[in-house]
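Trainee: Below you'll find the structure I mean.
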Amino acid sequence: MYIYNSLSRKKEEFVPNVPGKVNMYTCGPTVYHYAHIGNLRSYIMEDILEKYLRYSGYDVKRVMNITDVGHLTSDADEGEDKMLKGAKREHKTVMEIAKFYTDAFFADCAKLNIKTPDVVAPATSCIDSFIEVISSLLEKGYAYEAGGNIYFDTSKLKQYYVFNDFKEDDLAVGVREGVEADDNKRNKADFVLWFTKSKFDDQELKWDSPWGIGYPGWHIECSCISMKNLGEYLDIHCGGIDNAFPHHTNEIAQSEAYIGHKWCNYWFHVHHLNTNSGKMSKSSGEFLTVSLLESKGYDPLVYRMFCLQSHYRKSLVFSYENLDNTVTAYNKLVAKISALIAQNDESAVDTESADTLRRGFTDALDNDLNTSLAITALYDLLKAKVSASTKLSLIKEYDAVLGLGLIEAAEKQLDEKADEAKSDDPFITEIEELIKKRRDAKAAKDYATADDIRKYLSEKGVTLIDTPEGTKYKID
């Protein structure tokens with residue numbers, strides 16, 4: 001398997017630190033508002049990566065943080081804490097906001113068939129770990145105290161801008177959105193590890209520390225939560241491309257300064273979902289959420305398929321027209337699978353043909369998780385001259401990774417068609433009306449009528465079966 005490593009800026013063969021085991025970390029949401037569908041594109045693609053690694057036989061442990069403190073509105077550690085901003089907006093406590101939007105996030109993930117990571121850790125549950133690591137960085141000379149805050153000293157590093165996509169000028173005031181001057185910093189690129197009460201007196205969440213009452217910076221939480229749960233050697237770190245700088249850059253700086261060696265081998269970044277007017281955000285245009293799509297009649301899994309039709313390293317433009325095209329494609333795909341289920345004679349799977357067909361699917365995902373080609377492999381499978389049972393076996397395999405709910409949707413479609421057919425059949429209508437009449441007769445203790453109905457239907461070849469859930473029937 002080859003994946004593009006943002007750190008080396010090239011495709012590399014994936015080789016984990018420990019054969020057969022993968023330590024994977026995902027930057028989780030800042031839970032001050034609903035996740036928009038642009039945020040969720042990243043989680044969909046990370047979910048595909050995790051599921052494909054498992055499909056390929058790896059033992060994966062995936063960890064995600066929940067940012068419920070410390071994420072400010074500025075890239076330069078200025079502005080209001082986003083959690084406090086959310087609490088003020090809704091006149092609730094920060095913890096009430098965190099609980100509500102954490103639950104909302106995972107509800108959206110469930111609708112999109114995104115697996116919950118093995119470990120989910122809120123930042124507020126790891127304060128002791130933050131203090132321990134920050135204390136060590138101070139002792140080693142990688143951090144300093146100024147103006148009541150603890151800063152990481154980027155000048156102590158041989159190389160800070162490890163992704164080479166950004167440079168020092170990007171942190172100039174007025175150049176990058178949300179960058180403001182902080183006179184406490186020794187260097188423009190330095191970042192806050194710990195804020196004290198001197199920073200924001202109205203901050204709701206504060207903890208005792210060796211440097212005064214305060215709270216952690218955003219960047220330190222991911223390093224500590226990852227190292228606490230996955231150790232000092234991380235295989236894959238995931239996130240949106242907008243997190244590469246400064247967030248992931250700062251994670252690498254503080255983590256490697258603390259442990260003294262390379263921390264993470266592969267960096268997996270998902271590119272933006274844009275609208276026709278530009279990058280999607282919570283503050284511009286229509287706030288596009290999973291719930292909004294549902295209110296307009298879209299199945300969330302159609303949005304998942306929409307994302308899979310484009311490569312994760314390409315920006316994707318969202319429009320309702322594009323989504324409607326995906327609805328059509330998804331429905332046609334489900335209809336073809338419904339037809340397969342209907343004609344399946346449950347014969348033995350042709351393993352030789354299955355192995356040949358499977359290679360098209362695995363080759364696509366082994367090539368930097370090319371989900372578009374993986375869906376093409378699914379269409380190729382449907383056109384292949386093999387038995388229905390062989391096709392259905394492989395569709396189940398593929399969908400364990402793609403997560404489009406194809407078999408379930410196809411079976412539901414068949415059930416709906418069967419119900420429609422029954423409603424048009426006068427014999428079925430008569431049976432159901434007589435079952436209702438028999439139920440009413442039994443309720444009125446008119447057992448003679450109830451018995452007559454059973455006898456009549458039996459003569460017509462219909463057997464009634466009384467169950468705790470009601471009366472079922474079988475046509476002989």
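Following the order of the structure tokens, chains are lettered A, B, ..., residues in each are numbered from 1, and ligands are numbered from 1.
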List the neighbours of Lys336 of chain A out to 8 Å using only C-alpha atoms; skip same-chain residues closer than 4 positions along the sequence, and give me the result as number ranges by chain.
Mentor: A: 332, 340, 382
Trainee: Write a file of the selected residues as a compact mmCIF listing (two decimals), in the first residue's frame, keeping C-alpha atoms.
Mentor:
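See out_13.txt below for the written result:
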# COMPACT_ATOMS: atom_id res chain seq x y z
CA LYS A 332 -29.05 3.02 -9.90
CA LEU A 340 -28.75 -9.42 -7.95
CA LEU A 382 -21.48 -5.65 -11.50
Trainee: Would you mind listing, for every residue of segment 103-211 of chain A within 12 Å of segment 13-26 of chain A, the two atoms forming the shortest contact and the distance between them in Å to one decimal, using only C-alpha atoms, sorted by chain and ascending residue number, as JSON lines?
Mentor:
{"residue": "A:Thr116", "atom": "CA", "partner": "A:Thr26", "partner_atom": "CA", "distance": 11.1}
{"residue": "A:Pro117", "atom": "CA", "partner": "A:Thr26", "partner_atom": "CA", "distance": 8.6}
{"residue": "A:Asp118", "atom": "CA", "partner": "A:Met24", "partner_atom": "CA", "distance": 10.0}
{"residue": "A:Val119", "atom": "CA", "partner": "A:Tyr25", "partner_atom": "CA", "distance": 9.6}
{"residue": "A:Val120", "atom": "CA", "partner": "A:Thr26", "partner_atom": "CA", "distance": 9.7}
{"residue": "A:Ala121", "atom": "CA", "partner": "A:Thr26", "partner_atom": "CA", "distance": 11.0}
Trainee: Tell me, as a VMD selection string, which residues lie within 8 Å of Leu301 of chain A, counting only C-alpha atoms; anything in the same chain fewer than 4 positions away does not count.
Mentor: chain A and resid 111 to 113 305 404 to 405
Trainee: List the spatial neighbours of segment 284-296 of chain A as a VMD selection string - criterion: any atom at most 10 Å away, only C-alpha atoms, same-chain residues fewer than 5 positions off excluded.
Mentor: chain A and resid 34 to 40 104 to 105 107 to 109 111 to 112 275 277 to 279 302 to 303 318 320 323
Trainee: Kindly export the residues of the current selection with N, CA and C atoms, as a short mmCIF file (atom, residue, chain, number, x, y, z; two decimals), in the first residue's frame.
Mentor:
data_model
loop_
_atom_site.label_atom_id
_atom_site.label_comp_id
_atom_site.auth_asym_id
_atom_site.auth_seq_id
_atom_site.Cartn_x
_atom_site.Cartn_y
_atom_site.Cartn_z
N TYR A 34 -22.07 22.82 15.36
CA TYR A 34 -22.20 21.62 14.53
C TYR A 34 -21.03 21.54 13.55
N ALA A 35 -20.65 20.32 13.19
CA ALA A 35 -19.68 20.14 12.12
C ALA A 35 -20.37 20.39 10.79
N HIS A 36 -19.73 21.15 9.90
CA HIS A 36 -20.31 21.29 8.56
C HIS A 36 -19.79 20.16 7.67
N ILE A 37 -20.40 19.98 6.52
CA ILE A 37 -20.08 18.82 5.69
C ILE A 37 -18.65 18.87 5.14
N GLY A 38 -18.05 20.07 5.14
CA GLY A 38 -16.63 20.17 4.76
C GLY A 38 -15.75 19.52 5.82
N ASN A 39 -16.03 19.80 7.09
CA ASN A 39 -15.32 19.12 8.19
C ASN A 39 -15.47 17.61 8.04
N LEU A 40 -16.70 17.18 7.76
CA LEU A 40 -17.00 15.75 7.75
C LEU A 40 -16.39 15.03 6.56
N ALA A 104 -23.74 15.62 19.00
CA ALA A 104 -24.20 15.94 17.65
C ALA A 104 -23.19 15.47 16.60
N PHE A 105 -21.92 15.65 16.91
CA PHE A 105 -20.86 15.22 15.98
C PHE A 105 -20.91 13.71 15.74
N ALA A 107 -23.41 11.74 16.26
CA ALA A 107 -24.67 11.39 15.60
C ALA A 107 -24.53 11.57 14.09
N ASP A 108 -23.88 12.65 13.67
CA ASP A 108 -23.61 12.85 12.24
C ASP A 108 -22.71 11.76 11.69
N CYS A 109 -21.69 11.40 12.47
CA CYS A 109 -20.77 10.34 12.03
C CYS A 109 -21.52 9.03 11.83
N LYS A 111 -24.64 8.61 11.01
CA LYS A 111 -25.44 8.71 9.78
C LYS A 111 -24.58 8.52 8.54
N LEU A 112 -23.31 8.87 8.64
CA LEU A 112 -22.39 8.77 7.51
C LEU A 112 -21.58 7.47 7.52
N THR A 275 -17.39 25.53 -1.94
CA THR A 275 -18.62 25.85 -2.66
C THR A 275 -18.22 26.71 -3.86
N SER A 277 -18.54 29.65 -4.18
CA SER A 277 -18.05 30.95 -3.71
C SER A 277 -16.75 30.85 -2.91
N GLY A 278 -16.22 29.62 -2.75
CA GLY A 278 -14.95 29.46 -2.05
C GLY A 278 -14.99 28.41 -0.96
N LYS A 279 -13.98 28.43 -0.05
CA LYS A 279 -13.86 27.43 1.01
C LYS A 279 -15.08 27.47 1.93
N VAL A 302 -25.54 9.28 0.57
CA VAL A 302 -25.32 9.84 -0.77
C VAL A 302 -24.19 10.86 -0.70
N TYR A 303 -24.17 11.66 0.39
CA TYR A 303 -23.06 12.61 0.55
C TYR A 303 -21.74 11.86 0.71
N PHE A 318 -18.75 21.51 -3.84
CA PHE A 318 -20.10 21.07 -3.50
C PHE A 318 -21.13 21.96 -4.16
N TYR A 320 -25.69 21.51 -5.06
CA TYR A 320 -26.83 20.59 -5.02
C TYR A 320 -26.98 19.85 -6.34
N LEU A 323 -24.69 16.98 -6.10
CA LEU A 323 -25.23 16.00 -5.17
C LEU A 323 -26.40 15.25 -5.80
#
Trainee: Might you pull out every residue within 7 Å of Cys238 of chain A, with only C-alpha atoms counted and same-chain residues fewer than 2 positions away left off, and present them as number ranges by chain?
Mentor: A: 25-27, 46, 236, 267-269
Trainee: Return as a list in words the full set of residues in segment 313-463 of chain A whose backbone-based DSSP assignment is strand (DSSP E).
Mentor: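 Those residues are Leu316, Val317, Val462 and Thr463 of chain A.
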Trainee: Quick one: residues within 8 Å of segment 241-248 of chain A, only C-alpha atoms counted, chain neighbours fewer than 3 positions away excluded, as a PyMOL selection string?
Mentor: chain A and resi 75+163+166+219+251-252+269-272
Trainee: What would the file look like if the residues just selected were written as a PDB file, in the first residue's frame with N, CA and C atoms?
Mentor:
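Final output, out39.pdb:
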ATOM      1  N   ASP A  75      -4.867  32.172  14.569  1.00  0.00           N
ATOM      2  CA  ASP A  75      -3.718  31.284  14.389  1.00  0.00           C
ATOM      3  C   ASP A  75      -2.533  31.700  15.250  1.00  0.00           C
ATOM      4  N   PHE A 163       6.583  21.158   6.829  1.00  0.00           N
ATOM      5  CA  PHE A 163       5.764  20.815   5.668  1.00  0.00           C
ATOM      6  C   PHE A 163       6.135  21.632   4.432  1.00  0.00           C
ATOM      7  N   PHE A 166       4.410  26.505   4.127  1.00  0.00           N
ATOM      8  CA  PHE A 166       4.258  27.818   4.733  1.00  0.00           C
ATOM      9  C   PHE A 166       5.634  28.317   5.151  1.00  0.00           C
ATOM     10  N   HIS A 219      -2.543  23.358  20.630  1.00  0.00           N
ATOM     11  CA  HIS A 219      -1.623  22.423  19.969  1.00  0.00           C
ATOM     12  C   HIS A 219      -1.128  21.321  20.901  1.00  0.00           C
ATOM     13  N   GLU A 251       2.558  20.557  16.546  1.00  0.00           N
ATOM     14  CA  GLU A 251       2.548  19.230  17.172  1.00  0.00           C
ATOM     15  C   GLU A 251       3.901  18.540  17.001  1.00  0.00           C
ATOM     16  N   ILE A 252       4.410  18.567  15.774  1.00  0.00           N
ATOM     17  CA  ILE A 252       5.706  17.920  15.509  1.00  0.00           C
ATOM     18  C   ILE A 252       6.799  18.584  16.340  1.00  0.00           C
ATOM     19  N   HIS A 269      -3.361  14.178   4.887  1.00  0.00           N
ATOM     20  CA  HIS A 269      -4.149  15.411   4.908  1.00  0.00           C
ATOM     21  C   HIS A 269      -5.226  15.394   3.821  1.00  0.00           C
ATOM     22  N   VAL A 270      -6.457  15.681   4.224  1.00  0.00           N
ATOM     23  CA  VAL A 270      -7.596  15.729   3.307  1.00  0.00           C
ATOM     24  C   VAL A 270      -7.832  17.179   2.897  1.00  0.00           C
ATOM     25  N   HIS A 271      -8.031  17.395   1.603  1.00  0.00           N
ATOM     26  CA  HIS A 271      -8.175  18.766   1.099  1.00  0.00           C
ATOM     27  C   HIS A 271      -9.603  19.281   1.267  1.00  0.00           C
ATOM     28  N   HIS A 272      -9.753  20.564   0.958  1.00  0.00           N
ATOM     29  CA  HIS A 272     -10.982  21.283   1.287  1.00  0.00           C
ATOM     30  C   HIS A 272     -12.181  20.846   0.446  1.00  0.00           C
TER      31      HIS A 272
END
Trainee: Take atom CA of Thr30 of chain A and atom CA of Thr67 of chain A and report the distance between them in Å, one decimal.
Mentor: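 Between atom CA of Thr30 of chain A and atom CA of Thr67 of chain A the gap works out to 4.5 Å.
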Trainee: Just checking: using only C-alpha atoms, which residue out of A:Ala110, A:Cys126, A:Thr463, A:Leu193 ends up closest to Ala146 of chain A?
Mentor: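 Selected residue with least distance to Ala146 of chain A: A:Leu193.
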Trainee: Pick out the closest residue to Phe152 of chain A from this set: A:Ser129, A:Thr124, A:Asn187, A:Asn274. Count only C-alpha atoms.
Mentor: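 Of A:Ser129, A:Thr124, A:Asn187, A:Asn274, the one nearest Phe152 of chain A is A:Asn187, counting only C-alpha atoms.
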Trainee: I need the residue nearest Val317 of chain A from this list: A:Lys51, A:Ala342, A:Arg41, A:Cys224. Use only C-alpha atoms for the distance.
Mentor: A:Arg41
Trainee: Fewer than 5 positions away in the same chain doesn't count, so skip those; otherwise give me all residues within 8 Å of segment 261-266 of chain A, counting only C-alpha atoms, as a PyMOL selection string.
Mentor: chain A and resi 5-7+232-237+252+255-256
